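In what follows, a structure is listed as C-alpha cells, so that the remarks can point back to it.
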Amino acid sequence: MLENSIWFKYNGDTSIRATLAAFYKCETSQISNNEVEIYNILKRNMTKRELKLYVLQVAGFDDVAIQKEMGIEDEKVLEKLKHTSNRKLRQDKIRQAVKRAENDDSDDEEMGE
C-alpha cells in the first residue's frame, strides 16, 4: 500500500487521514478510510515538491531541515512553496475529494510510484 511512498518514508506511523482531519479541522470520521486513495488524490492535485513539503511539515521538520532535505537554498522559495502547498490543500475540490474518496479497501488499484 503506502510502504513505497514518500509519506511512509517520513511518517510511517502517522495516518494521512488523521493529519488531514487536523488540517481541515474536522473529525477523522469525515475523511475517507482509504489512505491509498487519499494519497493518490494529493499526488494528482499537488506537484511533487508541494506534496513533499507537506509530508515533511507533518513529520515535524523545521524550515532549515526542509530546505536541506529538498535542496532549497533561498528562504523566499520555501515560503512561496509553503504558500502554494497550503493554498492547494485548502481548495474545496481537494477537501471534497478526500472526504468522498472510495472507502473500499479491497481495491486492486495500487498507488503508482
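Chain labels A, B, ... are given in the sequence in which chains occur in the C-alpha cells; within each chain residues are numbered consecutively from 1, and ligands are likewise numbered from 1 in the order shown.
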I'd like the contact shell of A:Thr47 - 10 Å cut-off, only C-alpha atoms, skipping same-chain residues fewer than 6 positions apart - returned as a list in words. Leu53, Thr84, Ser85 and Lys88 of chain A
Looking only at alpha helix (DSSP H) from DSSP on the backbone, list the matching residues of chain A as a ChimeraX atom specification. /A:6-11,16-24,35-45,48-58,63-70,75-90,92-100
Selection: 10 Å around stretch 55-63 of chain A, only C-alpha atoms, excl. self and same-chain fewer than 4 positions, as a PyMOL selection string: chain A and resi 6-12+14+16+19-20+23+49-51+67-70+75+78-79+82
Can you pull out the residues contacting A:Ile38? Cut-off 8 Å, using only C-alpha atoms, and skip same-chain residues under 4 positions away; I want them as an MDAnalysis selection string. chainID A and resid 16:17 32 34 42 98 101
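In this comparison, which uses only C-alpha atoms, the residue of A:Asn4, A:Gln91, A:Gln96, A:Asn86 approaching A:Ile31 most closely is A:Gln96.
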To one decimal place, how far is atom CA of A:Ile72 from atom CA of A:Tyr24 in Å?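 So the answer is 27.4 Å.
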